[in-house]
Amino acid sequence: MLNCVTLMGRLVADPELRTTPTGKSVATFTIAVDRSFVRQGEQRQADFIRIVAWESSANFVCRYFQKGSMIAIQGRIQTRNYEDANGAKRSAFEVIANEISFCGSKAESGTSVTPAPQVAPAVAPAYQTASANDFEEITDDEDLPF
């Protein structure tokens, strides 16, 4: 069996960090993932996918990501059944994050950017161009040696 998901999108709200009764950190957040196909004359559509991150991944996402940040997620799909406050049976579809990565530039993610120190550009070494006489045409139909 195989259950692998890779997603890249933007957070639609700041991640929510909670702690379970046993002391484990869990973060939940939703990302908007643009669909690649756009019909002519229509706006681009997006899917909104619920993500759950545990322990160190939960702390990482809550520390470094906020609403609008571009994020990459690798994980697995999980479904679960529960009963809502009115007693109706519900099911939830979510991605359990195994790996969380930065995407885009720091400026795009909304984090503060410290300007890099100015360094004088290095001069590229000069190379000599070869003449066409340095090459030999292969005229036979035998196998090439590589």
# chains A, B, ... in the order shown; residues from 1 in each chain; ligands from 1
>>> select_by_dssp(residues="region 27-66 of chain A", states="helix (DSSP H, G or I)", output="number ranges by chain")
A: 55-64
>>> write_last_selection(atoms="N, CA, C and O atoms", output="CSV table (one decimal), in the first residue's frame")
chain,number,residue,atom,x,y,z
A,55,GLU,N,4.4,17.3,17.2
A,55,GLU,CA,5.7,17.5,17.9
A,55,GLU,C,6.6,18.6,17.3
A,55,GLU,O,6.2,19.7,17.2
A,56,SER,N,7.8,18.2,16.9
A,56,SER,CA,8.8,19.2,16.4
A,56,SER,C,8.3,19.9,15.2
A,56,SER,O,8.5,21.1,15.0
A,57,SER,N,7.6,19.2,14.3
A,57,SER,CA,7.0,19.8,13.1
A,57,SER,C,6.0,20.8,13.4
A,57,SER,O,5.9,21.9,12.8
A,58,ALA,N,5.2,20.5,14.5
A,58,ALA,CA,4.1,21.5,14.9
A,58,ALA,C,4.8,22.8,15.4
A,58,ALA,O,4.4,23.9,15.1
A,59,ASN,N,5.8,22.6,16.3
A,59,ASN,CA,6.5,23.8,16.8
A,59,ASN,C,7.2,24.6,15.7
A,59,ASN,O,7.2,25.8,15.7
A,60,PHE,N,7.8,23.9,14.7
A,60,PHE,CA,8.5,24.5,13.6
A,60,PHE,C,7.5,25.4,12.8
A,60,PHE,O,7.8,26.5,12.5
A,61,VAL,N,6.4,24.8,12.4
A,61,VAL,CA,5.4,25.5,11.5
A,61,VAL,C,4.8,26.7,12.3
A,61,VAL,O,4.6,27.8,11.7
A,62,CYS,N,4.6,26.6,13.6
A,62,CYS,CA,4.0,27.7,14.3
A,62,CYS,C,5.1,28.8,14.6
A,62,CYS,O,4.7,30.0,14.7
A,63,ARG,N,6.3,28.5,14.6
A,63,ARG,CA,7.4,29.5,14.8
A,63,ARG,C,7.7,30.3,13.5
A,63,ARG,O,8.0,31.5,13.6
A,64,TYR,N,7.7,29.6,12.4
A,64,TYR,CA,8.3,30.2,11.2
A,64,TYR,C,7.2,30.5,10.1
A,64,TYR,O,7.6,31.1,9.1
>>> residues_around(residues="Val95 (chain A)", least_positions_apart="2", cutoff="8 Å", atoms="only C-alpha atoms", output="PyMOL selection string")
chain A and resi 5+49-52+75-78+93+97
>>> atom_distance(atom1="CA of Ile73 (chain A)", atom2="CA of Lys89 (chain A)")
28.9 Å
>>> atom_distance(atom1="CA of Ile31 (chain A)", atom2="CA of Cys103 (chain A)")
13.0 Å
>>> residues_around(residues="Thr30 (chain A)", least_positions_apart="3", cutoff="10 Å", atoms="only C-alpha atoms", output="VMD selection string")
chain A and resid 9 to 16 33 47 to 52 67 94 to 95
>>> closest_residue(among="A:Asp34, A:Leu2, A:Thr20, A:Gly104", to="Met70 (chain A)", atoms="only C-alpha atoms")
A:Gly104
>>> atom_distance(atom1="CA of Ala72 (chain A)", atom2="CA of Thr6 (chain A)")
7.3 Å
>>> residues_around(residues="Trp54 (chain A)", least_positions_apart="4", cutoff="7 Å", atoms="only C-alpha atoms", output="ChimeraX atom specification")
/A:25-27,58
>>> write_last_selection(atoms="C-alpha atoms", output="PDB file, in the first residue's frame")
ATOM      1  CA  SER A  25       2.297  19.421  20.563  1.00  0.00           C
ATOM      2  CA  VAL A  26      -0.098  19.418  17.609  1.00  0.00           C
ATOM      3  CA  ALA A  27      -0.576  22.174  15.047  1.00  0.00           C
ATOM      4  CA  ALA A  58       4.147  21.495  14.926  1.00  0.00           C
TER       5      ALA A  58
END
